[in-house]
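A short worksheet on the structure shown next.
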Amino acid sequence: MGNTAGSALVTGASAGIGKACADQLHAAGWTVTGASRRGTTSGGWTPLVMDVDDDTSVRDGVAGVLAATGRIDALVAAAGWGLAGAVERCTIEEAKAQLETNFWGCVRVVQQVLPAMREQSSGRIVLVSSIGGMVGIPFQAFYSASKFALEGMGEALAYEVAPFGVHVTLVQPGNVSTDFTASRRMAAAGESDPVYGTAVGKAVGLMERDEANGVPAADVAAAIRRVLNSPHPPRRVSVGKASERVGLVAKRVLPFRIFEAAAKSSLGV
């Protein structure tokens, strides 16, 4: 695509990374539709009420964008939230809800935009993953599971759609200062759990502190904008402080026991 702006659909656009992406792309000349359950806007782009958890909502939402703009050149799948709690104490319902949005929500939107991208023989798909999609986060295991799943799906998808001129990039933020922190959901057992409660509180407290001191959402949006403008977009891009991003390299090159020992304190365990 180079430096030519086009039509972009951004999910999770009511707040955080999604909103920052919608704002920056609009400012850069893109025709932006920002989708969210609330359908809110702030930066001059077009709001869309769309719930990524719902098949019909996604199908109708994408069809509406195509009817209005004629094409979708870029999808930025940024809708998501976080569940905190011990694996043993999270209910299956809670765990399924986490993957419903973070993983299946991305799948739904990807499936709906791909026919148009194939027909126009071009498109960019940016899946907002996480460093937690490469390094498991204790007491946020199902959040990590949703992002690990997204990593595998996105990598496989890239092979499938490359012949049609469609590029896939997984963007892996570290800690980002957004309202994602305040909207994190505690499992019903939570910190009152007599077995894991103290450990949950410690690990989540450390995570919240690190998120508050994280990079601004605008940094992630800028990285995504560069991906969309690149003639040869990378498969993966990490965004965040160097101390967080080095963990991705360390996990690949260090014996796992050494990596695990080094990672424990930063993960709050």
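Lettering and numbering for the structure tokens are positional, with chains as A, B, ... in the shown order, residues counted from 1 in each chain, and ligands counted from 1 in the shown order.
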So that I can check the secondary structure, give me every residue of stretch 113-210 of chain A assigned strand (DSSP E) by backbone DSSP, as a count of residues only.
18
Could you pull the residues within 12 Å of stretch 130-136 of chain A, counting only C-alpha atoms, minus those fewer than 4 positions along the same chain, as an NGL selection string?
:A and (17 or 78 or 80-82 or 102-103 or 140-154 or 170-176 or 207 or 220 or 236-252 or 256 or 259-260 or 263-264 or 266-267)
Would you list the contacts of stretch 69-74 of chain A as a VMD selection string, taking every protein, DNA or RNA residue within 10 Å and counting only C-alpha atoms, but skipping same-chain residues closer than 3 positions in sequence?
chain A and resid 1 5 to 10 30 to 33 62 to 66 77 113 to 114 116 to 117 119 to 126 166 to 168 228
Who sits within 7 Å of stretch 90-100 of chain A, only C-alpha atoms, same chain under 4 positions skipped, as a list in words
Asp53, Leu83, Gly85, Ala86, Trp104, Gly105, Phe142, Tyr143, Ser146 and Ala187 of chain A
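The space between atom CA of A:Pro115 and atom CA of A:Ala222 spans 27.4 Å.
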Just the residues within 10 Å of A:Ala22, please, counting only C-alpha atoms, with nothing from its chain fewer than 6 positions along; format it as number ranges by chain.
A: 8-15, 28, 30-35, 41-47, 76, 221, 225
Hey, can you check how far atom CA of A:Gly165 sits from atom CA of A:Cys106?
19.7 Å
